[in-house]
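Have a look at final-v5.txt; it's compact mmCIF, C-alpha atoms:
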```txt
# COMPACT_ATOMS: atom_id res chain seq x y z
CA MET A 1 39.12 8.27 126.17
CA SER A 2 37.26 10.10 123.43
CA ALA A 3 34.09 8.78 121.87
CA ARG A 4 34.01 8.31 118.13
CA PRO A 5 31.32 10.39 116.41
CA GLU A 6 30.07 7.39 114.46
CA GLU A 7 30.28 3.72 115.22
CA ARG A 8 30.32 0.68 113.02
CA ILE A 9 27.32 -1.59 112.75
CA GLY A 10 27.77 -4.16 115.48
CA GLY A 11 26.50 -5.43 118.79
CA TRP A 12 22.74 -5.66 119.07
CA LEU A 13 22.32 -3.91 115.70
CA LEU A 14 23.33 -7.16 114.01
CA GLY A 15 19.95 -8.63 115.03
CA PRO A 16 17.81 -6.05 113.18
CA LEU A 17 20.22 -6.21 110.24
CA ALA A 18 19.92 -10.00 110.09
CA TRP A 19 16.11 -9.75 110.29
CA LEU A 20 16.15 -7.26 107.42
CA LEU A 21 18.42 -9.38 105.23
CA VAL A 22 16.44 -12.57 105.86
CA ALA A 23 13.25 -10.68 104.96
CA LEU A 24 14.90 -9.45 101.77
CA ILE A 25 15.97 -12.97 100.80
CA SER A 26 12.57 -14.50 101.58
CA THR A 27 10.72 -11.76 99.71
CA SER A 28 13.04 -12.22 96.73
CA LEU A 29 12.40 -15.96 96.71
CA GLY A 30 8.66 -15.40 97.01
CA LEU A 31 8.68 -13.01 94.06
CA LEU A 32 10.77 -15.47 92.05
CA ILE A 33 8.30 -18.27 92.74
CA LEU A 34 5.40 -15.98 91.86
CA ALA A 35 7.07 -14.89 88.62
CA THR A 36 7.79 -18.45 87.53
CA ALA A 37 4.20 -19.44 88.34
CA LEU A 38 2.79 -16.53 86.36
CA LEU A 39 4.96 -17.36 83.35
CA THR A 40 3.10 -20.62 82.78
CA PRO A 41 -0.01 -20.02 80.68
CA GLN A 42 -2.25 -22.27 82.78
CA THR A 43 -1.44 -20.49 86.04
CA PHE A 44 -1.77 -17.06 84.48
CA ALA A 45 -5.17 -17.98 83.03
CA ALA A 46 -6.31 -19.31 86.41
CA MET A 47 -5.17 -16.13 88.14
CA ARG A 48 -6.94 -13.93 85.58
CA ALA A 49 -10.11 -15.90 86.18
CA GLN A 50 -9.93 -14.97 89.86
CA ASP A 51 -10.72 -11.50 91.10
CA ALA A 52 -8.21 -8.64 90.82
CA LEU A 53 -6.95 -9.11 94.38
CA TRP A 54 -4.02 -11.23 93.17
CA PHE A 55 -2.76 -8.24 91.19
CA ILE A 56 -2.93 -6.04 94.28
CA SER A 57 -1.12 -8.72 96.27
CA CYS A 58 1.64 -8.88 93.63
CA ALA A 59 1.98 -5.10 93.63
CA ILE A 60 2.25 -5.04 97.44
CA ALA A 61 4.88 -7.80 97.37
CA ILE A 62 6.95 -5.89 94.80
CA ALA A 63 6.63 -2.64 96.77
CA MET A 64 7.64 -4.38 99.99
CA TRP A 65 10.65 -5.98 98.26
CA TYR A 66 11.77 -2.60 96.94
CA TYR A 67 11.32 -0.92 100.34
CA THR A 68 13.25 -3.72 102.05
CA LEU A 69 16.08 -3.42 99.51
CA TRP A 70 16.21 0.37 99.93
CA LEU A 71 16.22 0.05 103.73
CA SER A 72 19.00 -2.55 103.61
CA ILE A 73 21.18 -0.25 101.53
CA ALA A 74 20.44 2.69 103.83
CA PHE A 75 21.25 0.50 106.83
CA PHE A 76 24.71 -0.33 105.47
CA LYS A 77 25.31 3.34 104.64
CA ARG A 78 24.29 4.21 108.24
CA ARG A 79 21.78 6.85 107.15
CA SER A 80 20.15 8.88 109.89
CA ILE A 81 16.67 8.01 108.63
CA VAL A 82 17.13 4.26 109.17
CA PRO A 83 15.65 3.96 112.70
CA LYS A 84 12.39 5.68 111.70
CA HIS A 85 12.09 3.76 108.45
CA TYR A 86 12.95 0.48 110.17
CA ILE A 87 10.10 1.05 112.62
CA LEU A 88 7.80 1.88 109.70
CA TRP A 89 8.99 -1.27 107.89
CA LEU A 90 8.20 -3.36 110.98
CA LEU A 91 4.75 -1.77 111.22
CA ILE A 92 4.04 -2.59 107.58
CA SER A 93 5.22 -6.16 108.18
CA VAL A 94 2.83 -6.50 111.12
CA LEU A 95 -0.04 -5.05 109.08
CA LEU A 96 0.64 -7.45 106.20
CA ALA A 97 0.75 -10.36 108.66
CA LEU A 98 -2.59 -9.20 110.11
CA LYS A 99 -4.02 -9.06 106.60
CA THR A 100 -2.85 -12.61 106.00
CA PHE A 101 -4.30 -13.76 109.29
CA ALA A 102 -7.67 -12.11 108.70
CA PHE A 103 -8.31 -12.50 105.00
CA SER A 104 -6.22 -15.29 103.49
CA GLN A 105 -7.35 -18.84 103.04
CA VAL A 106 -4.32 -20.37 104.74
CA PRO A 107 -4.47 -22.56 107.84
CA ASP A 108 -4.58 -20.68 111.13
CA GLN A 109 -1.27 -22.16 112.33
CA ILE A 110 0.61 -20.72 109.34
CA ALA A 111 -1.14 -17.36 109.60
CA LEU A 112 -0.43 -17.20 113.33
CA ARG A 113 3.24 -18.02 112.76
CA GLN A 114 3.42 -15.22 110.19
CA LEU A 115 1.84 -12.88 112.72
CA VAL A 116 3.86 -13.84 115.81
CA PHE A 117 7.34 -13.25 114.37
CA PRO A 118 6.76 -9.66 113.18
CA LEU A 119 5.01 -8.85 116.46
CA MET A 120 7.91 -10.23 118.51
CA ALA A 121 10.44 -8.42 116.32
CA ALA A 122 8.56 -5.15 116.68
CA ALA A 123 8.24 -5.60 120.46
CA ILE A 124 11.99 -6.13 120.82
CA ILE A 125 13.52 -3.94 118.10
CA VAL A 126 11.39 -0.79 118.32
CA PRO A 127 12.29 0.10 121.92
CA TYR A 128 15.94 -0.61 121.17
CA LEU A 129 15.95 1.65 118.11
CA LYS A 130 14.18 4.43 120.01
CA ARG A 131 16.24 4.43 123.22
CA SER A 132 19.70 3.09 122.41
CA ALA A 133 22.62 5.49 122.49
CA ARG A 134 24.54 3.17 120.16
CA VAL A 135 21.82 3.54 117.51
CA LYS A 136 22.07 7.32 117.79
CA ARG A 137 25.86 7.13 117.38
CA THR A 138 25.76 4.64 114.51
CA PHE A 139 23.18 6.16 112.16
CA VAL A 140 24.62 9.62 111.63
CA ASN A 141 25.11 9.96 107.85
CA PRO A 142 22.66 12.24 106.04
```
Show the structure stored in the file as structure tokens.
Amino acid sequence: MSARPEERIGGWLLGPLAWLLVALISTSLGLLILATALLTPQTFAAMRAQDALWFISCAIAIAMWYYTLWLSIAFFKRRSIVPKHYILWLLISVLLALKTFAFSQVPDQIALRQLVFPLMAAAIIVPYLKRSARVKRTFVNP
């Protein structure tokens, strides 16, 4: 029985793929809600009256959406850089959740929920991406 040089995306890799696609959908919806809110003159005037941190938050959300989209496409193309970038993407997600927990004016239960899920995902997915032979056989395209 000979081993195939590259495998299809399947097995436990469907979990990280699902997490990535759900994050892409939720980020897209968040950006859509933000864009519709900023299109109303009253909301835009209220945001301009605030400090410039809302602009930085919008820029970070757009950058994270783009990075998630790029990583999703690379995942489906089975690029060899996906495991490293997926770990980086998880780290950024954890850091953004920590920022929300520490600096946002949202209730602690919501901030904790936003922090727990990326931490759990990182704790489960990172060791799998680093040690799995299937991951090494799947992501082989340059």
(request) Please measure the separation of CA of Ile124 (chain A) and CA of Trp65 (chain A), giving the value in Å to one decimal. (result) 22.6 Å
(message) Which residues are near Phe139 (chain A)? Cut-off 9 Å, all atoms listed in the file, ignore same chain within fewer than 5 positions. Put them as a list in words.
(response) Glu6, Glu7, Ile9, Phe75, Lys77, Arg78, Arg79, Ser80, Ile81, Val82, Pro83 and Arg134 of chain A
Save the residues we just selected, C-alpha atoms, as a compact mmCIF listing (two decimals), keeping the file's coordinate frame?
```txt
# COMPACT_ATOMS: atom_id res chain seq x y z
CA GLU A 6 30.07 7.39 114.46
CA GLU A 7 30.28 3.72 115.22
CA ILE A 9 27.32 -1.59 112.75
CA PHE A 75 21.25 0.50 106.83
CA LYS A 77 25.31 3.34 104.64
CA ARG A 78 24.29 4.21 108.24
CA ARG A 79 21.78 6.85 107.15
CA SER A 80 20.15 8.88 109.89
CA ILE A 81 16.67 8.01 108.63
CA VAL A 82 17.13 4.26 109.17
CA PRO A 83 15.65 3.96 112.70
CA ARG A 134 24.54 3.17 120.16
```
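With all atoms listed in the file as the atoms that count, the residue of A:Phe76, A:Lys99, A:Ala133, A:Phe44 with the shortest distance to Arg8 (chain A) is A:Phe76.
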(request) Mind giving me the straight-line distance from CA of Ile62 (chain A) to CA of Leu38 (chain A) in Å, one decimal? (result)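 Between these atoms lies a distance of 14.2 Å.
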(message) Between CA of Gln114 (chain A) and CA of Ile92 (chain A), what is the distance in Å, rounded to a tenth?
(response) 12.9 Å
(request) Select, from A:Leu24, A:Leu115, A:Gly30, A:Lys130, the residue with the minimum atom-to-atom distance to Ala102 (chain A), counting only C-alpha atoms. (result)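 Under the stated criterion, the closest residue is A:Leu115.
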(request) Rank A:Val140, A:Ile87, A:Ala111, A:Ile60 by their smallest atom-to-atom distance to Leu20 (chain A), using all atoms listed in the file, and report the top residue only. (result)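 Closest to Leu20 (chain A), using all atoms listed in the file: A:Ile87.
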(request) For each of A:Ile125, A:Leu31, A:Ala46, A:Ile56, take the minimum atom-to-atom distance to Trp19 (chain A), counting all atoms listed in the file, then give the residue where this is smallest. (result) A:Ile125
(request) In the coordinate frame of the file, compute which residues have an atom within 12 Å of (6.3, -16.7, 110.5) when using all atoms listed in the file, and state them as an MDAnalysis selection string. (result) chainID A and resid 22:23 26 93:94 96:98 100:101 108:121
(message) Give me the residues near Trp89 (chain A) as JSON, numbers by chain, where near means some atom within 9 Å (using only C-alpha atoms) and where sequence neighbours in that chain fewer than 6 positions away do not count.
(response) {"A": [64, 67, 68, 71]}
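With distances restricted to all atoms listed in the file, A:Leu13 is the closest residue to Ser132 (chain A) from A:Leu13, A:Leu29, A:Leu34, A:Leu53.
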(message) Counting all atoms listed in the file, which residue out of A:Leu14, A:Leu90, A:Leu69, A:Ala35 sits closest to Val135 (chain A)?
(response)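 Comparing A:Leu14, A:Leu90, A:Leu69, A:Ala35 against Val135 (chain A), the winner is A:Leu14.
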Your completed region 117-138 of chain A with N, CA, C and O atoms, as a compact mmCIF listing (two decimals), keeping the file's coordinate frame:
```txt
# COMPACT_ATOMS: atom_id res chain seq x y z
N PHE A 117 5.96 -13.69 114.56
CA PHE A 117 7.34 -13.25 114.37
C PHE A 117 7.46 -11.74 114.15
O PHE A 117 8.29 -11.10 114.80
N PRO A 118 6.66 -11.12 113.29
CA PRO A 118 6.76 -9.66 113.18
C PRO A 118 6.37 -8.93 114.47
O PRO A 118 6.96 -7.90 114.82
N LEU A 119 5.39 -9.47 115.20
CA LEU A 119 5.01 -8.85 116.46
C LEU A 119 6.14 -8.93 117.48
O LEU A 119 6.43 -7.95 118.19
N MET A 120 6.79 -10.09 117.58
CA MET A 120 7.91 -10.23 118.51
C MET A 120 9.08 -9.32 118.10
O MET A 120 9.71 -8.69 118.95
N ALA A 121 9.36 -9.28 116.80
CA ALA A 121 10.44 -8.42 116.32
C ALA A 121 10.15 -6.96 116.63
O ALA A 121 11.03 -6.22 117.08
N ALA A 122 8.92 -6.54 116.39
CA ALA A 122 8.56 -5.15 116.68
C ALA A 122 8.64 -4.86 118.18
O ALA A 122 9.12 -3.79 118.59
N ALA A 123 8.21 -5.81 119.00
CA ALA A 123 8.24 -5.60 120.46
C ALA A 123 9.67 -5.50 120.99
O ALA A 123 9.91 -4.80 121.98
N ILE A 124 10.61 -6.15 120.34
CA ILE A 124 11.99 -6.13 120.82
C ILE A 124 12.79 -5.01 120.16
O ILE A 124 13.53 -4.28 120.83
N ILE A 125 12.65 -4.84 118.85
CA ILE A 125 13.52 -3.94 118.10
C ILE A 125 13.12 -2.48 118.24
O ILE A 125 13.98 -1.60 118.33
N VAL A 126 11.83 -2.19 118.27
CA VAL A 126 11.39 -0.79 118.32
C VAL A 126 11.89 -0.06 119.57
O VAL A 126 12.46 1.03 119.45
N PRO A 127 11.74 -0.62 120.76
CA PRO A 127 12.29 0.10 121.92
C PRO A 127 13.80 0.27 121.85
O PRO A 127 14.34 1.30 122.26
N TYR A 128 14.49 -0.73 121.31
CA TYR A 128 15.94 -0.61 121.17
C TYR A 128 16.32 0.52 120.22
O TYR A 128 17.21 1.32 120.50
N LEU A 129 15.64 0.60 119.08
CA LEU A 129 15.95 1.65 118.11
C LEU A 129 15.60 3.04 118.65
O LEU A 129 16.26 4.02 118.32
N LYS A 130 14.59 3.13 119.49
CA LYS A 130 14.18 4.43 120.01
C LYS A 130 15.06 4.92 121.17
O LYS A 130 15.29 6.11 121.30
N ARG A 131 15.57 4.00 122.00
CA ARG A 131 16.24 4.43 123.22
C ARG A 131 17.75 4.23 123.23
O ARG A 131 18.43 4.80 124.07
N SER A 132 18.29 3.45 122.34
CA SER A 132 19.70 3.09 122.41
C SER A 132 20.61 4.24 122.01
O SER A 132 20.43 4.88 120.97
N ALA A 133 21.62 4.47 122.83
CA ALA A 133 22.62 5.49 122.49
C ALA A 133 23.49 5.01 121.34
O ALA A 133 23.96 5.82 120.54
N ARG A 134 23.73 3.72 121.26
CA ARG A 134 24.54 3.17 120.16
C ARG A 134 23.86 3.42 118.82
O ARG A 134 24.52 3.73 117.83
N VAL A 135 22.55 3.27 118.75
CA VAL A 135 21.82 3.54 117.51
C VAL A 135 22.00 5.00 117.11
O VAL A 135 22.25 5.30 115.94
N LYS A 136 21.91 5.88 118.08
CA LYS A 136 22.07 7.32 117.79
C LYS A 136 23.48 7.64 117.32
O LYS A 136 23.67 8.54 116.50
N ARG A 137 24.48 6.90 117.82
CA ARG A 137 25.86 7.13 117.38
C ARG A 137 26.19 6.44 116.07
O ARG A 137 27.12 6.84 115.39
N THR A 138 25.44 5.40 115.72
CA THR A 138 25.76 4.64 114.51
C THR A 138 25.14 5.28 113.27
O THR A 138 25.81 5.44 112.25
```
